[in-house]
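Below is one structure, written out as structure tokens, with a few remarks after it.
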Number of protein chains: 2
Amino acid sequence: MVKPPTVEDVARAAGVSRQTVSNVLNTPGIVRPATRERVEHAIAELAYRPDAAARRLRTRRSSTIGIRLDPYEGGISGVLLDRFVHALTESANDRGMRVLMYSARGADEEISRLDELVAGAEIDAVVITGTFFGDSRTTWLTERNMPFVSFGRPWGGDDVFRASHSWVDVDGAAGTRAATEHALATAGPRVGFLGWPRDAGTGDDRERGWREAMADAGAMGPYFETIDGVAQARAIMATAFADPRVLEELDALVCVSDTLAVGAHLTATDAGRRGLPVIGFDNTPVAEALGISSVEQSPELVAAGALDLLMGPTGRTVTPRDAAEPPAHVLVQPRLVVRSYDAPLAQRTVGDN
Amino acid sequence: MVKPPTVEDVARAAGVSRQTVSNVLNTPGIVRPATRERVEHAIAELAYRPDAAARRLRTRRSSTIGIRLDPYEGGISGVLLDRFVHALTESANDRGMRVLMYSARGADEEISRLDELVAGAEIDAVVITGTFFGDSRTTWLTERNMPFVSFGRPWGGDDVFRASHSWVDVDGAAGTRAATEHALATAGPRVGFLGWPRDAGTGDDRERGWREAMADAGAMGPYFETIDGVAQARAIMATAFADPRVLEELDALVCVSDTLAVGAHLTATDAGRRGLPVIGFDNTPVAEALGISSVEQSPELVAAGALDLLMGPTGRTVTPRDAAEPPAHVLVQPRLVVRSYDAPLAQRTVGDN
DNA sequence: AAGACGAATTTGATCGATCAAATCGCGCCT
DNA sequence: AGGCGCGATTTGATCGATCAAATTCGTCTT
């Protein structure tokens, strides 16, 4: 039970002063190679590791990024965010950053949690997810000049590319466009769409991709909508397929989510069209398990983009953004993962990112 | 851009000394109610929040728990761990703790990450997952006297209930036993099992539950095994079902994982037995989406149990365990979630925890 | 009424690092 | 030879809290 060594101990062992040790750690460039080597040797010898708390206190930097983890609600939608969290943790670790998670049951509670974390200097930056129209969190963060990025565009604003804060997102329209084009090329011109009720957000963006791709090809297909859920998708598609002509005249179905895609696939199978190409969105394990094609969002790229925005492309610390310069954003291009129901192992990627 | 208030500022505003403010925060019991009220008022007035870094430096406590987040590998097995992480974050936050995530690509890298975190006094305790036989992490942590709990029993040891460290786990045998008993009661005596190759770990435990329940009922059923994967399950079951008698003489199939259950279900459906009761394990979104019954592990209870072991049932700080007293453990009872393929919405729970 | 005692509060020291400013050392120029 | 300049290194102060010891205050006892 020995006390861990401090800079002082290292300094003594290397025959230099505290500050020189500190310099070797933080600005090795200004230390003469010979001394640096001595110090590094002493560090290794004593297995010295800087005390994070002391460093934070002095530098007023925690090298920690906060991210909220919502309670698990069941369903498959959460998986994407989990992948994002994983990817963020990895990229952050590679850049010498830590990721701290907090939980909250609503925007208000999230703000009070953030208040503690920010005031307590526990985090240098935040990644917020699930932004919505009139989100109080973004204004709160902006007012306090806390660096942050949102995963998700600031929907509802006038021009998203001239937003008031930095964001990273996946180009949903490009995803459904790719899916639709693939369906048109391989299945036939009558490609339908199963979406969510209009919400001026993610769902509309994805629908637009289908609509535009269809228009460009001069093709037509039916549009269905329901709230997210396997049962809901089964219900609406069963109703639609009650008229056999609807099913007959459908070459493929692009869906706004994997959840709906699963429901649609099951219903088509029941109705005798097992082979109906159904394409989902998010590339969740469910799609993988059932051999359903899906649009892959690449959370890894989103995470990397988020860190780039917070720390600069190469930086190792979070730089509070200059209020003068305009906020930046990253729009990740998704890619289509094509699968077949009969051979879940076989899959290939169409297009690139 | 004003500097946040410190204890000093609060003290001045309340007309008391630093230490009294500190006492109000940490040991309110010893402060006279009248003064306490004055101080609390000043705290609210100035919106004072203690600086986490300073507190950590002085108290040598970070109030932070570390947990490793593995890279996403695809598949559905990771979902359970993610649920656990969510639950841990929530419970921890309720107890005034933070959860810090780190990533590592193997046991060795994990140890070096832990070394940084521990030496840097960034974490007070660790939750390790995916323990295996001869796990180097547990010995490393024990040597350093770092409080930790593992999610997963220390497999391979002589007597798991007399283990060398604290652990939380789910009673896998009880889960498959419940599943088997339910199948016996509702489907028929010929209940089969689809498991993983013997590994002296989780898989064997789950198989035992089936075996014992079958023995108790004096029933017999076939045993299949393959490595985890939907395609693998489809392959082995398709081979088995090539002989129609195998399928005919099967009343239900209990599986060691949802992944295998999905494969088995799909294969049975292809072979014309859509209604064959297949029961999975983990209650992942896939099972939910397809209407497959599954054993729910209740990661929330596991997380709560882990914190109880680390902090005591009511404590708000991590107490380094006394090396003298024996390590404790928590074995969570899973519960069976019964579903039907045709009405994914309908589900009920059998048994309790 | 003086002293003892315990509760409430204050004072001084400290945790381990980095920042800012001062000092040292050395080569080079005039 | 003396001094200038600059890079390398050291010294003193500080971040904001808590711990440990000292002090004040009020009450109770004899």
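As shown in the structure tokens, the chain order sets the letters A, B, ...; within each chain, residues go from 1, and ligands are also counted from 1 in the order they appear.
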| said: Env of DC15 (chain C): 8 Å cut, atoms = only C-alpha atoms (C1' of nucleotides), seq-sep filter 6 positions within chain, self excluded. Answer as a VMD selection string. | reply: (chain A and resid 54) or (chain B and resid 57 to 60)
| Contacts of DT30 (chain D) at 12 Å or less, counting only C-alpha atoms (C1' of nucleotides), minus same-chain residues fewer than 5 places along, as a list in words? | DA1, DA2, DG3 and DA4 of chain C
Dump N, CA and C atoms (P, O5', C5', C4', C3', O3' and C1' of nucleotides) for the selected residues as a compact mmCIF listing (two decimals), in the first residue's frame?
```
# COMPACT_ATOMS: atom_id res chain seq x y z
P DA C 1 -21.31 36.46 40.42
O5' DA C 1 -20.50 35.17 40.94
C5' DA C 1 -19.39 35.28 41.82
C4' DA C 1 -18.43 34.17 41.48
C3' DA C 1 -17.84 34.26 40.06
O3' DA C 1 -16.50 33.77 40.11
C1' DA C 1 -19.05 32.25 40.24
P DA C 2 -15.43 34.32 39.08
O5' DA C 2 -14.48 33.05 39.01
C5' DA C 2 -14.17 32.35 40.22
C4' DA C 2 -13.96 30.88 39.88
C3' DA C 2 -13.17 30.65 38.58
O3' DA C 2 -12.21 29.63 38.81
C1' DA C 2 -15.27 29.55 38.46
P DG C 3 -11.11 29.33 37.65
O5' DG C 3 -11.57 27.86 37.24
C5' DG C 3 -11.89 26.92 38.26
C4' DG C 3 -12.58 25.73 37.63
C3' DG C 3 -11.91 25.26 36.33
O3' DG C 3 -11.73 23.86 36.42
C1' DG C 3 -14.23 25.64 35.96
P DA C 4 -10.95 23.07 35.29
O5' DA C 4 -12.14 22.15 34.76
C5' DA C 4 -13.07 21.59 35.69
C4' DA C 4 -14.13 20.84 34.90
C3' DA C 4 -13.59 20.14 33.65
O3' DA C 4 -14.23 18.87 33.54
C1' DA C 4 -15.24 21.71 33.02
```
| field | Residue hits in chain B, query chain D, radius 12 Å, only C-alpha atoms (C1' of nucleotides), as a PyMOL selection string | value | chain B and resi 4-9+18-23+25-27+49-61
| said: For Ala200 (chain A), find every residue with an atom within 9 Å (counting only C-alpha atoms (C1' of nucleotides)), except residues of its own chain fewer than 4 positions away, and show them as a list in words. | reply: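 Near Ala200 (chain A), the qualifying residues are Phe133, Trp155, Gly156, Asp204 and Asp205 of chain A.
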Restricting it to N, CA and C atoms, dump the selection as an mmCIF file, in the first residue's frame.
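Writing done, so here's result-v4.cif:
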```cif
data_model
loop_
_atom_site.group_PDB
_atom_site.id
_atom_site.type_symbol
_atom_site.label_atom_id
_atom_site.label_comp_id
_atom_site.auth_asym_id
_atom_site.auth_seq_id
_atom_site.Cartn_x
_atom_site.Cartn_y
_atom_site.Cartn_z
ATOM 1 N N PHE A 133 -37.445 20.086 -32.237
ATOM 2 C CA PHE A 133 -37.769 21.487 -32.513
ATOM 3 C C PHE A 133 -37.952 22.257 -31.203
ATOM 4 N N TRP A 155 -33.569 20.465 -36.367
ATOM 5 C CA TRP A 155 -34.756 20.495 -37.193
ATOM 6 C C TRP A 155 -35.622 21.709 -36.881
ATOM 7 N N GLY A 156 -36.268 22.181 -37.900
ATOM 8 C CA GLY A 156 -37.230 23.261 -37.661
ATOM 9 C C GLY A 156 -36.629 24.631 -37.871
ATOM 10 N N ASP A 204 -39.306 12.726 -42.493
ATOM 11 C CA ASP A 204 -39.584 13.445 -43.734
ATOM 12 C C ASP A 204 -38.376 13.441 -44.652
ATOM 13 N N ASP A 205 -37.217 13.568 -44.036
ATOM 14 C CA ASP A 205 -35.981 13.584 -44.804
ATOM 15 C C ASP A 205 -35.815 12.274 -45.566
#
```
Which chain C residues have any atom within 7 Å of an atom of chain A, and for each, what is the nearest pair of atoms with distance in Å to one decimal, counting only C-alpha atoms (C1' of nucleotides), rows sorted by chain and number, as a tab-separated table?
```
residue	atom	partner	partner_atom	distance
C:DG16	C1'	A:Ala54	CA	5.0
C:DA17	C1'	A:Arg55	CA	4.8
C:DT18	C1'	A:Arg58	CA	5.9
```
| Shell around region 134-145 of chain B at 12 Å using only C-alpha atoms (C1' of nucleotides), local window under 2 positions removed, as a PyMOL selection string | (chain A and resi 1-4) or (chain B and resi 106-115+118-119+124-132+147-157+163-167+319-323+327)
| task | Check every residue of chain A for an atom within 7 Å of chain B, counting only C-alpha atoms, and provide those that qualify as a count of residues only. | result | 37
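Excluding Ala183 (chain B) and any residue on its chain fewer than 6 positions from it, the residues at most 9 Å away by only C-alpha atoms (C1' of nucleotides) are Pro189, Arg190, Val191, Asp251, Ala252, Leu253, Val254, Pro277, Val278 and Ile279 of chain B.
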Write the residues of the preceding selection, restricted to C-alpha atoms, as a compact mmCIF listing (two decimals), in the first residue's frame.
```
# COMPACT_ATOMS: atom_id res chain seq x y z
CA PRO B 189 -42.87 -33.66 -23.35
CA ARG B 190 -40.41 -33.68 -26.22
CA VAL B 191 -38.54 -30.44 -25.57
CA ASP B 251 -42.79 -30.35 -29.23
CA ALA B 252 -40.67 -27.32 -28.46
CA LEU B 253 -37.10 -26.05 -28.57
CA VAL B 254 -35.28 -24.18 -25.84
CA PRO B 277 -42.52 -23.09 -29.81
CA VAL B 278 -38.99 -21.80 -29.74
CA ILE B 279 -37.69 -20.05 -26.66
```
| field | Nearby residues (only C-alpha atoms (C1' of nucleotides)) at most 12 Å from Arg335 (chain A), same-chain spacing under 2 positions excluded, as a PyMOL selection string | value | chain A and resi 170-179+182+280-283+293-299+301+332-333+337-338+348-353
| said: I'd like the neighbourhood of Leu46 (chain A) as a PyMOL selection string, where a residue qualifies if any of its atoms comes within 8 Å (using only C-alpha atoms (C1' of nucleotides)), though same-chain residues fewer than 3 positions away should be ignored. | reply: chain A and resi 5+10+42-43
Write to file, as an mmCIF file, in the first residue's frame, the residues of the selection just made, with N, CA and C atoms.
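The resulting file, part-v5.cif, is shown below:
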```cif
data_model
loop_
_atom_site.group_PDB
_atom_site.id
_atom_site.type_symbol
_atom_site.label_atom_id
_atom_site.label_comp_id
_atom_site.auth_asym_id
_atom_site.auth_seq_id
_atom_site.Cartn_x
_atom_site.Cartn_y
_atom_site.Cartn_z
ATOM 1 N N PRO A 5 3.678 7.615 -6.850
ATOM 2 C CA PRO A 5 4.678 8.683 -7.006
ATOM 3 C C PRO A 5 4.074 9.948 -7.604
ATOM 4 N N VAL A 10 9.425 11.934 -9.198
ATOM 5 C CA VAL A 10 10.080 11.731 -10.481
ATOM 6 C C VAL A 10 11.226 12.725 -10.642
ATOM 7 N N ALA A 42 13.025 7.893 -15.620
ATOM 8 C CA ALA A 42 12.548 7.922 -14.232
ATOM 9 C C ALA A 42 11.050 7.641 -14.164
ATOM 10 N N ILE A 43 10.327 8.194 -15.126
ATOM 11 C CA ILE A 43 8.878 7.972 -15.156
ATOM 12 C C ILE A 43 8.574 6.486 -15.291
#
```
| request: Work out how far apart CA of Gly15 (chain A) and C1' of DT14 (chain C) are and give it in Å to one decimal. | output: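 It comes out at 24.6 Å.
As for CA of Ser340 (chain B) and CA of Arg206 (chain B), they are spaced 22.6 Å apart.
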